[in-house]
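With PDB, C-alpha atoms inside, this is data-v5.pdb:
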ATOM      1  CA  MET A 142      30.484   8.458 -40.422
ATOM      2  CA  GLY A 143      30.027   4.847 -41.411
ATOM      3  CA  CYS A 144      32.562   3.992 -38.777
ATOM      4  CA  THR A 145      31.175   6.006 -35.858
ATOM      5  CA  GLY A 146      27.512   5.207 -36.538
ATOM      6  CA  PRO A 147      27.295   1.687 -35.086
ATOM      7  CA  THR A 148      29.361   2.467 -32.003
ATOM      8  CA  ARG A 149      27.282   5.521 -31.192
ATOM      9  CA  ARG A 150      24.138   3.494 -31.709
ATOM     10  CA  GLN A 151      25.493   0.796 -29.447
ATOM     11  CA  ALA A 152      26.369   3.356 -26.812
ATOM     12  CA  ILE A 153      22.849   4.788 -26.898
ATOM     13  CA  ALA A 154      21.356   1.298 -26.817
ATOM     14  CA  SER A 155      23.378   0.308 -23.777
ATOM     15  CA  PHE A 156      22.424   3.543 -22.031
ATOM     16  CA  ALA A 157      18.771   2.898 -22.794
ATOM     17  CA  VAL A 158      19.065  -0.519 -21.148
ATOM     18  CA  LEU A 159      20.373   1.144 -18.006
ATOM     19  CA  LEU A 160      17.400   3.479 -17.915
ATOM     20  CA  SER A 161      14.746   0.888 -18.703
ATOM     21  CA  PRO A 162      12.529  -0.267 -15.827
ATOM     22  CA  ALA A 163      13.500  -3.908 -16.311
ATOM     23  CA  ALA A 164      16.992  -3.062 -15.112
ATOM     24  CA  ASP A 165      15.624  -1.757 -11.800
ATOM     25  CA  ALA A 166      15.491  -5.105 -10.066
ATOM     26  CA  ALA A 167      19.200  -5.561 -10.752
ATOM     27  CA  VAL A 168      20.137  -2.390  -8.872
ATOM     28  CA  TRP A 169      17.911  -2.993  -5.848
ATOM     29  CA  PRO A 170      19.672  -3.572  -2.521
ATOM     30  CA  ALA A 171      19.718  -7.222  -1.488
ATOM     31  CA  ASP A 172      17.256  -6.789   1.394
ATOM     32  CA  LEU A 173      14.694  -5.070  -0.883
ATOM     33  CA  ALA A 174      15.080  -7.779  -3.513
ATOM     34  CA  ALA A 175      14.633 -10.413  -0.792
ATOM     35  CA  ALA A 176      11.478  -8.742   0.578
ATOM     36  CA  VAL A 177       9.984  -8.549  -2.927
ATOM     37  CA  ALA A 178      10.930 -12.156  -3.657
ATOM     38  CA  ALA A 179       9.212 -13.309  -0.453
ATOM     39  CA  PHE A 180       6.001 -11.671  -1.701
ATOM     40  CA  THR A 181       6.219 -12.857  -5.335
ATOM     41  CA  ARG A 182       7.033 -16.427  -4.246
ATOM     42  CA  GLY A 183       9.628 -16.688  -6.963
ATOM     43  CA  ALA A 184       7.369 -15.603  -9.841
ATOM     44  CA  PRO A 185       9.101 -13.350 -12.377
ATOM     45  CA  LEU A 186       8.369  -9.671 -11.896
ATOM     46  CA  ARG A 187       6.929  -7.793 -14.862
ATOM     47  CA  GLU A 188       6.707  -4.036 -15.152
ATOM     48  CA  GLY A 189       3.200  -2.630 -15.717
ATOM     49  CA  ARG A 190      -0.489  -2.824 -14.781
ATOM     50  CA  VAL A 191       0.233  -1.169 -11.421
ATOM     51  CA  THR A 192      -0.186   2.588 -10.983
ATOM     52  CA  LEU A 193       1.482   4.206  -7.994
ATOM     53  CA  GLU A 194       0.505   7.805  -7.311
ATOM     54  CA  ILE A 195       2.723   9.731  -4.946
ATOM     55  CA  ALA A 196       4.181  13.238  -4.986
ATOM     56  CA  GLU A 197       7.652  13.228  -6.578
ATOM     57  CA  LEU A 198       8.815  15.931  -4.203
ATOM     58  CA  VAL A 199       7.664  15.346  -0.646
ATOM     59  CA  ASP A 200       7.776  18.208   1.856
ATOM     60  CA  ASN A 201       7.083  16.171   4.959
ATOM     61  CA  GLY A 202       7.960  12.494   5.167
ATOM     62  CA  ASN A 203       5.729  11.868   8.168
ATOM     63  CA  ALA A 204       2.502  11.590   6.185
ATOM     64  CA  VAL A 205       2.818  11.145   2.447
ATOM     65  CA  PRO A 206      -0.438  10.448   0.589
ATOM     66  CA  LEU A 207      -0.069   7.348  -1.552
ATOM     67  CA  SER A 208      -2.646   5.777  -3.794
ATOM     68  CA  LEU A 209      -2.245   2.758  -5.973
ATOM     69  CA  SER A 210      -4.404   0.859  -8.396
ATOM     70  CA  VAL A 211      -3.983  -2.249 -10.506
ATOM     71  CA  GLN A 212      -5.475  -2.818 -13.947
ATOM     72  CA  SER A 213      -7.650  -5.878 -13.548
ATOM     73  CA  PRO A 214     -11.244  -6.872 -14.356
ATOM     74  CA  MET A 215     -11.549  -8.254 -10.760
ATOM     75  CA  THR A 216     -13.669 -11.224 -11.879
ATOM     76  CA  PRO A 217     -13.437 -14.643 -10.186
ATOM     77  CA  ALA A 218     -11.334 -15.837 -13.145
ATOM     78  CA  ASP A 219      -8.962 -12.886 -13.232
ATOM     79  CA  HIS A 220      -8.359 -10.756 -10.169
ATOM     80  CA  VAL A 221      -5.713  -9.241  -7.948
ATOM     81  CA  VAL A 222      -5.044 -11.263  -4.816
ATOM     82  CA  ALA A 223      -2.709  -8.873  -3.023
ATOM     83  CA  VAL A 224      -0.635  -5.760  -3.512
ATOM     84  CA  ALA A 225       2.472  -4.983  -1.493
ATOM     85  CA  VAL A 226       4.431  -1.753  -1.209
ATOM     86  CA  PHE A 227       8.143  -1.800  -0.433
ATOM     87  CA  ASN A 228      10.678   0.957   0.181
ATOM     88  CA  GLU A 229      14.410   1.161  -0.288
ATOM     89  CA  ARG A 230      15.736   3.137   2.684
ATOM     90  CA  ASN A 231      13.315   3.133   5.634
ATOM     91  CA  PRO A 232      14.442   1.059   8.634
ATOM     92  CA  GLN A 233      12.134  -1.737   7.432
ATOM     93  CA  ARG A 234      11.573  -2.733   3.776
ATOM     94  CA  GLU A 235       7.831  -3.399   4.014
ATOM     95  CA  VAL A 236       5.376  -0.501   3.922
ATOM     96  CA  ALA A 237       2.049  -2.309   3.685
ATOM     97  CA  LEU A 238       0.335  -5.319   2.219
ATOM     98  CA  PHE A 239      -3.200  -5.026   0.888
ATOM     99  CA  GLY A 240      -5.561  -7.908   0.187
ATOM    100  CA  PHE A 241      -8.673  -7.733  -1.977
ATOM    101  CA  GLY A 242     -11.727  -9.896  -1.467
ATOM    102  CA  PRO A 243     -14.635 -10.889  -3.710
ATOM    103  CA  ARG A 244     -16.481  -7.648  -2.886
ATOM    104  CA  SER A 245     -13.660  -5.408  -4.115
ATOM    105  CA  ALA A 246     -14.873  -3.927  -7.345
ATOM    106  CA  ARG A 247     -11.459  -2.504  -8.193
ATOM    107  CA  ALA A 248      -7.962  -3.162  -6.969
ATOM    108  CA  GLN A 249      -7.386   0.276  -5.580
ATOM    109  CA  VAL A 250      -6.313   1.734  -2.236
ATOM    110  CA  SER A 251      -5.231   5.061  -0.733
ATOM    111  CA  THR A 252      -3.278   5.585   2.476
ATOM    112  CA  ARG A 253      -0.587   7.765   4.055
ATOM    113  CA  ILE A 254       2.954   6.566   4.608
ATOM    114  CA  ARG A 255       6.221   7.596   6.255
ATOM    115  CA  LEU A 256       9.416   8.107   4.297
ATOM    116  CA  ALA A 257      12.766   8.351   6.081
ATOM    117  CA  THR A 258      14.652   9.806   3.130
ATOM    118  CA  SER A 259      14.665  10.188  -0.653
ATOM    119  CA  GLN A 260      14.342   6.710  -2.070
ATOM    120  CA  LYS A 261      12.635   4.259  -4.389
ATOM    121  CA  LEU A 262       9.192   2.836  -3.732
ATOM    122  CA  VAL A 263       8.128  -0.436  -5.291
ATOM    123  CA  ALA A 264       4.531  -1.652  -5.599
ATOM    124  CA  VAL A 265       4.009  -5.291  -6.535
ATOM    125  CA  ALA A 266       0.661  -6.874  -7.412
ATOM    126  CA  ARG A 267       0.097 -10.619  -7.283
ATOM    127  CA  MET A 268      -2.675 -11.952  -9.535
ATOM    128  CA  ASN A 269      -4.752 -15.071  -8.960
ATOM    129  CA  ASP A 270      -2.759 -16.890 -11.679
ATOM    130  CA  GLY A 271       0.438 -16.230  -9.703
ATOM    131  CA  SER A 272       1.890 -13.634 -12.075
ATOM    132  CA  CYS A 273       3.386 -10.531 -10.498
ATOM    133  CA  TRP A 274       3.427  -6.975 -11.820
ATOM    134  CA  SER A 275       5.351  -4.064 -10.442
ATOM    135  CA  ARG A 276       5.900  -0.328 -10.581
ATOM    136  CA  THR A 277       8.861   1.565  -9.181
ATOM    137  CA  VAL A 278       8.874   5.297  -8.451
ATOM    138  CA  ASP A 279      11.532   7.626  -7.087
ATOM    139  CA  VAL A 280      10.597  10.165  -4.442
ATOM    140  CA  ILE A 281      12.595  13.081  -3.060
ATOM    141  CA  VAL A 282      11.963  13.835   0.616
ATOM    142  CA  THR A 283      12.965  17.163   2.176
ATOM    143  CA  ILE A 284      11.822  16.623   5.795
ATOM    144  CA  ALA A 285      12.286  13.029   6.848
ATOM    145  CA  ALA A 286      10.120  10.961   9.150
ATOM    146  CA  CYS A 287      11.672   9.015  12.040
ATOM    147  CA  ILE A 288      14.540  11.437  12.709
ATOM    148  CA  GLU A 289      12.903  13.671  15.250
ATOM    149  CA  GLY A 290      12.036  12.232  18.595
ATOM    150  CA  GLU A 291       8.913  12.774  20.578
ATOM    151  CA  SER A 292       7.849  16.399  20.379
TER     152      SER A 292
ATOM    153  CA  MET B 564     -10.965   2.733  22.755
ATOM    154  CA  ALA B 565      -9.521   4.628  19.914
ATOM    155  CA  ARG B 566     -11.588   7.061  17.945
ATOM    156  CA  THR B 567     -12.498   5.967  14.450
ATOM    157  CA  LEU B 568     -13.936   7.772  11.497
ATOM    158  CA  ILE B 569     -15.692   5.814   8.747
ATOM    159  CA  THR B 570     -17.150   7.633   5.776
ATOM    160  CA  LEU B 571     -19.518   6.280   3.145
ATOM    161  CA  PRO B 572     -21.220   8.321   0.412
ATOM    162  CA  ALA B 573     -24.525   9.872   1.514
ATOM    163  CA  GLN B 574     -26.484   8.274  -1.328
ATOM    164  CA  ILE B 575     -25.605   4.791  -2.553
ATOM    165  CA  ARG B 576     -27.335   3.262  -5.575
ATOM    166  CA  ARG B 577     -27.493  -0.468  -6.197
ATOM    167  CA  ASP B 578     -24.381  -1.892  -7.929
ATOM    168  CA  GLU B 579     -22.576   1.377  -7.558
ATOM    169  CA  VAL B 580     -18.862   1.233  -6.713
ATOM    170  CA  ILE B 581     -18.321   3.374  -3.639
ATOM    171  CA  GLU B 582     -15.190   4.429  -1.806
ATOM    172  CA  VAL B 583     -15.071   3.486   1.866
ATOM    173  CA  ARG B 584     -12.781   5.752   3.897
ATOM    174  CA  THR B 585     -11.512   4.777   7.327
ATOM    175  CA  LEU B 586      -9.343   6.511   9.879
ATOM    176  CA  VAL B 587      -8.363   5.373  13.348
ATOM    177  CA  ALA B 588      -6.674   7.447  16.059
ATOM    178  CA  HIS B 589      -3.435   5.617  16.868
ATOM    179  CA  PRO B 590       0.190   6.806  17.362
ATOM    180  CA  MET B 591       1.725   4.020  15.197
ATOM    181  CA  GLU B 592       4.925   4.193  17.260
ATOM    182  CA  THR B 593       7.618   2.686  15.047
ATOM    183  CA  GLY B 594      10.027   1.353  17.657
ATOM    184  CA  TYR B 595      12.879   3.265  15.975
ATOM    185  CA  ARG B 596      12.278   6.699  17.494
ATOM    186  CA  PRO B 597      13.903   8.063  20.657
ATOM    187  CA  GLY B 598      11.642   9.522  23.336
ATOM    188  CA  ALA B 599      12.217  12.625  25.475
ATOM    189  CA  ASP B 600      14.635  10.679  27.727
ATOM    190  CA  GLY B 601      16.748   9.489  24.785
ATOM    191  CA  LYS B 602      15.603   5.886  25.054
ATOM    192  CA  VAL B 603      13.945   4.263  22.055
ATOM    193  CA  LEU B 604      10.171   4.217  22.450
ATOM    194  CA  PRO B 605       8.713   0.713  22.356
ATOM    195  CA  ARG B 606       6.909  -0.302  19.196
ATOM    196  CA  ASP B 607       3.146   0.146  19.213
ATOM    197  CA  LEU B 608       1.607  -0.470  15.807
ATOM    198  CA  ILE B 609      -1.688  -1.463  14.293
ATOM    199  CA  ARG B 610      -0.687  -4.591  12.407
ATOM    200  CA  ARG B 611      -3.864  -5.683  10.653
ATOM    201  CA  PHE B 612      -7.033  -4.185   9.292
ATOM    202  CA  SER B 613      -9.971  -5.897   7.670
ATOM    203  CA  CYS B 614     -13.350  -4.928   6.299
ATOM    204  CA  THR B 615     -16.028  -7.573   5.762
ATOM    205  CA  PHE B 616     -19.506  -7.189   4.370
ATOM    206  CA  ASP B 617     -22.398  -9.086   5.913
ATOM    207  CA  ASP B 618     -25.525  -9.100   3.733
ATOM    208  CA  GLY B 619     -27.434 -11.197   6.278
ATOM    209  CA  VAL B 620     -26.596 -14.494   4.558
ATOM    210  CA  THR B 621     -22.845 -14.569   3.990
ATOM    211  CA  LYS B 622     -19.855 -12.626   5.202
ATOM    212  CA  ASP B 623     -17.448 -11.649   2.423
ATOM    213  CA  LEU B 624     -14.075 -10.026   2.767
ATOM    214  CA  VAL B 625     -13.973  -6.632   1.095
ATOM    215  CA  PHE B 626     -10.472  -5.501   1.880
ATOM    216  CA  SER B 627      -7.657  -6.356   4.265
ATOM    217  CA  ALA B 628      -4.307  -4.801   5.027
ATOM    218  CA  GLU B 629      -1.141  -5.609   6.914
ATOM    219  CA  LEU B 630       0.447  -2.442   8.212
ATOM    220  CA  PHE B 631       4.087  -1.820   9.116
ATOM    221  CA  ALA B 632       6.066   0.982  10.758
ATOM    222  CA  ALA B 633       6.058   2.956   7.506
ATOM    223  CA  ILE B 634       2.342   3.732   7.820
ATOM    224  CA  SER B 635       1.666   7.199   9.221
ATOM    225  CA  ALA B 636       0.154   7.858  12.637
ATOM    226  CA  ASN B 637      -3.662   7.706  12.625
ATOM    227  CA  PRO B 638      -3.775   5.187   9.757
ATOM    228  CA  PHE B 639      -6.026   6.220   6.890
ATOM    229  CA  LEU B 640      -7.257   3.633   4.394
ATOM    230  CA  ALA B 641      -9.638   4.185   1.506
ATOM    231  CA  PHE B 642     -10.786   1.330  -0.715
ATOM    232  CA  PRO B 643     -13.617   0.537  -3.140
ATOM    233  CA  LEU B 644     -16.688  -1.616  -2.568
ATOM    234  CA  ARG B 645     -19.466  -2.664  -4.929
ATOM    235  CA  ALA B 646     -22.795  -2.116  -3.175
ATOM    236  CA  THR B 647     -24.882  -5.005  -4.515
ATOM    237  CA  SER B 648     -27.266  -5.005  -1.557
ATOM    238  CA  GLY B 649     -27.830  -3.456   1.827
ATOM    239  CA  GLY B 650     -26.144  -4.944   4.859
ATOM    240  CA  THR B 651     -23.537  -4.367   7.519
ATOM    241  CA  LEU B 652     -19.897  -3.445   7.130
ATOM    242  CA  ILE B 653     -17.617  -4.768   9.864
ATOM    243  CA  PHE B 654     -14.281  -3.047  10.394
ATOM    244  CA  VAL B 655     -11.567  -4.591  12.592
ATOM    245  CA  TRP B 656      -8.216  -3.076  13.569
ATOM    246  CA  GLU B 657      -5.717  -5.251  15.451
ATOM    247  CA  GLY B 658      -2.263  -4.424  16.725
ATOM    248  CA  ASP B 659       0.493  -4.532  19.320
ATOM    249  CA  ASN B 660      -0.249  -4.570  23.060
ATOM    250  CA  GLY B 661      -3.537  -6.359  22.460
ATOM    251  CA  PHE B 662      -5.071  -3.493  20.499
ATOM    252  CA  ARG B 663      -8.330  -4.554  18.917
ATOM    253  CA  GLN B 664     -11.165  -2.379  17.777
ATOM    254  CA  THR B 665     -14.307  -3.350  15.927
ATOM    255  CA  GLU B 666     -16.801  -0.994  14.315
ATOM    256  CA  THR B 667     -19.948  -1.787  12.401
ATOM    257  CA  VAL B 668     -21.660   0.501   9.930
ATOM    258  CA  ALA B 669     -24.978  -0.115   8.215
ATOM    259  CA  LEU B 670     -24.947   0.100   4.431
ATOM    260  CA  ARG B 671     -28.274   1.325   3.120
ATOM    261  CA  LEU B 672     -29.113   1.655  -0.536
ATOM    262  CA  ALA B 673     -30.975   4.699  -1.786
TER     263      ALA B 673
END
Translate the structure described by the file into structure tokens.
Amino acid sequence: MGCTGPTRRQAIASFAVLLSPAADAAVWPADLAAAVAAFTRGAPLREGRVTLEIAELVDNGNAVPLSLSVQSPMTPADHVVAVAVFNERNPQREVALFGFGPRSARAQVSTRIRLATSQKLVAVARMNDGSCWSRTVDVIVTIAACIEGES
Amino acid sequence: MARTLITLPAQIRRDEVIEVRTLVAHPMETGYRPGADGKVLPRDLIRRFSCTFDDGVTKDLVFSAELFAAISANPFLAFPLRATSGGTLIFVWEGDNGFRQTETVALRLA
């Protein structure tokens, strides 16, 4: 018991590290990591503050409702400058880039996107102090966009 | 000219945060999709959107977006705005093949 305890604990701890969001960036494909880095301008990415609402199981990848919001007081001293959404497996890594001006009362936006297959989506918010916050979600897509030609 | 649909709440009180909803009729052709003849259809996207508020004195940016191929056809965007005073909202969509559409909507406070 005394012998197996620490090793089991270590095993669980190492597994927990694999599952933790911070490890996500390490498993991203190089092109996704590069696209995110171009947006963050080298600032370290921290998990949190961003909420990304999308159905986990998507029936039709041609129009997937997506809404995102960022926790921020949106005052001149502390506000969100821009939010970008990236994907893992569409033909192009960028989905959209949203900018908020002085009249935006909240950093919040809703739109509809295309998803080519089941994949990860990453939303990154850049604050006025240069710090970057992110949220990653996994979505499962049953009917993909982009496969069918003109109908 | 593409058809657009811009929706504001019917009654807007001063300093209320409202949701502005916009939709524009556009195919958002990705440039990755084959057409009926098997050839890839040329890309035709709306690339930029912006909404500015003109209160008669200054023009302030409310919201802007850069759109890519992963945005669905007939792009829909909804975003918040704090209605501090009446004025005019100016919406601009710009894209490939010289696409440019401007719409203005009056913002009246109840």
Go ahead and compute the interatomic distance for CA of Ala246 in chain A and CA of Glu582 in chain B, in Å to one decimal.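 Separation of CA of Ala246 in chain A and CA of Glu582 in chain B: 10.0 Å.
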Could you give me, as a Markdown table, every chain A residue with an atom at most 6 Å from chain B, plus its closest atom pair and distance in Å to one decimal, counting only C-alpha atoms, rows ordered by chain then number?
| residue | atom | partner | partner_atom | distance |
| --- | --- | --- | --- | --- |
| A:Ala204 | CA | B:Ser635 | CA | 5.4 |
| A:Val236 | CA | B:Ala633 | CA | 5.0 |
| A:Ala237 | CA | B:Leu630 | CA | 4.8 |
| A:Leu238 | CA | B:Glu629 | CA | 4.9 |
| A:Phe239 | CA | B:Ala628 | CA | 4.3 |
| A:Gly240 | CA | B:Ser627 | CA | 4.8 |
| A:Phe241 | CA | B:Phe626 | CA | 4.8 |
| A:Gly242 | CA | B:Val625 | CA | 4.7 |
| A:Arg244 | CA | B:Val625 | CA | 4.8 |
| A:Ser245 | CA | B:Leu644 | CA | 5.1 |
| A:Ala246 | CA | B:Arg645 | CA | 5.3 |
| A:Val250 | CA | B:Phe642 | CA | 4.7 |
| A:Ser251 | CA | B:Ala641 | CA | 5.0 |
| A:Thr252 | CA | B:Leu640 | CA | 4.8 |
| A:Arg253 | CA | B:Ser635 | CA | 5.7 |
| A:Ile254 | CA | B:Ile634 | CA | 4.3 |
| A:Arg255 | CA | B:Ala633 | CA | 4.8 |
| A:Cys287 | CA | B:Arg596 | CA | 6.0 |
| A:Gly290 | CA | B:Pro597 | CA | 5.0 |
| A:Glu291 | CA | B:Gly598 | CA | 5.1 |
Could the residues in this selection be written to a file with C-alpha atoms, as a PDB file, keeping the file's coordinate frame?
ATOM      1  CA  ALA A 204       2.502  11.590   6.185  1.00  0.00           C
ATOM      2  CA  VAL A 236       5.376  -0.501   3.922  1.00  0.00           C
ATOM      3  CA  ALA A 237       2.049  -2.309   3.685  1.00  0.00           C
ATOM      4  CA  LEU A 238       0.335  -5.319   2.219  1.00  0.00           C
ATOM      5  CA  PHE A 239      -3.200  -5.026   0.888  1.00  0.00           C
ATOM      6  CA  GLY A 240      -5.561  -7.908   0.187  1.00  0.00           C
ATOM      7  CA  PHE A 241      -8.673  -7.733  -1.977  1.00  0.00           C
ATOM      8  CA  GLY A 242     -11.727  -9.896  -1.467  1.00  0.00           C
ATOM      9  CA  ARG A 244     -16.481  -7.648  -2.886  1.00  0.00           C
ATOM     10  CA  SER A 245     -13.660  -5.408  -4.115  1.00  0.00           C
ATOM     11  CA  ALA A 246     -14.873  -3.927  -7.345  1.00  0.00           C
ATOM     12  CA  VAL A 250      -6.313   1.734  -2.236  1.00  0.00           C
ATOM     13  CA  SER A 251      -5.231   5.061  -0.733  1.00  0.00           C
ATOM     14  CA  THR A 252      -3.278   5.585   2.476  1.00  0.00           C
ATOM     15  CA  ARG A 253      -0.587   7.765   4.055  1.00  0.00           C
ATOM     16  CA  ILE A 254       2.954   6.566   4.608  1.00  0.00           C
ATOM     17  CA  ARG A 255       6.221   7.596   6.255  1.00  0.00           C
ATOM     18  CA  CYS A 287      11.672   9.015  12.040  1.00  0.00           C
ATOM     19  CA  GLY A 290      12.036  12.232  18.595  1.00  0.00           C
ATOM     20  CA  GLU A 291       8.913  12.774  20.578  1.00  0.00           C
TER      21      GLU A 291
END
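Computed from the coordinates, the CA of Ser272 in chain A to CA of Ala248 in chain A distance equals 15.3 Å.
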For the provided coordinates, the residues matched by the PyMOL selection byres ((chain A and resi 199) around 8) should be stated as a PyMOL selection string. chain A and resi 196-198+200-202+205+280-284
Report as a PyMOL selection string the full result of the PyMOL selection byres ((chain B and resi 650) around 7) when it is applied to this structure. chain B and resi 617-619+648-649+651-652+669-671
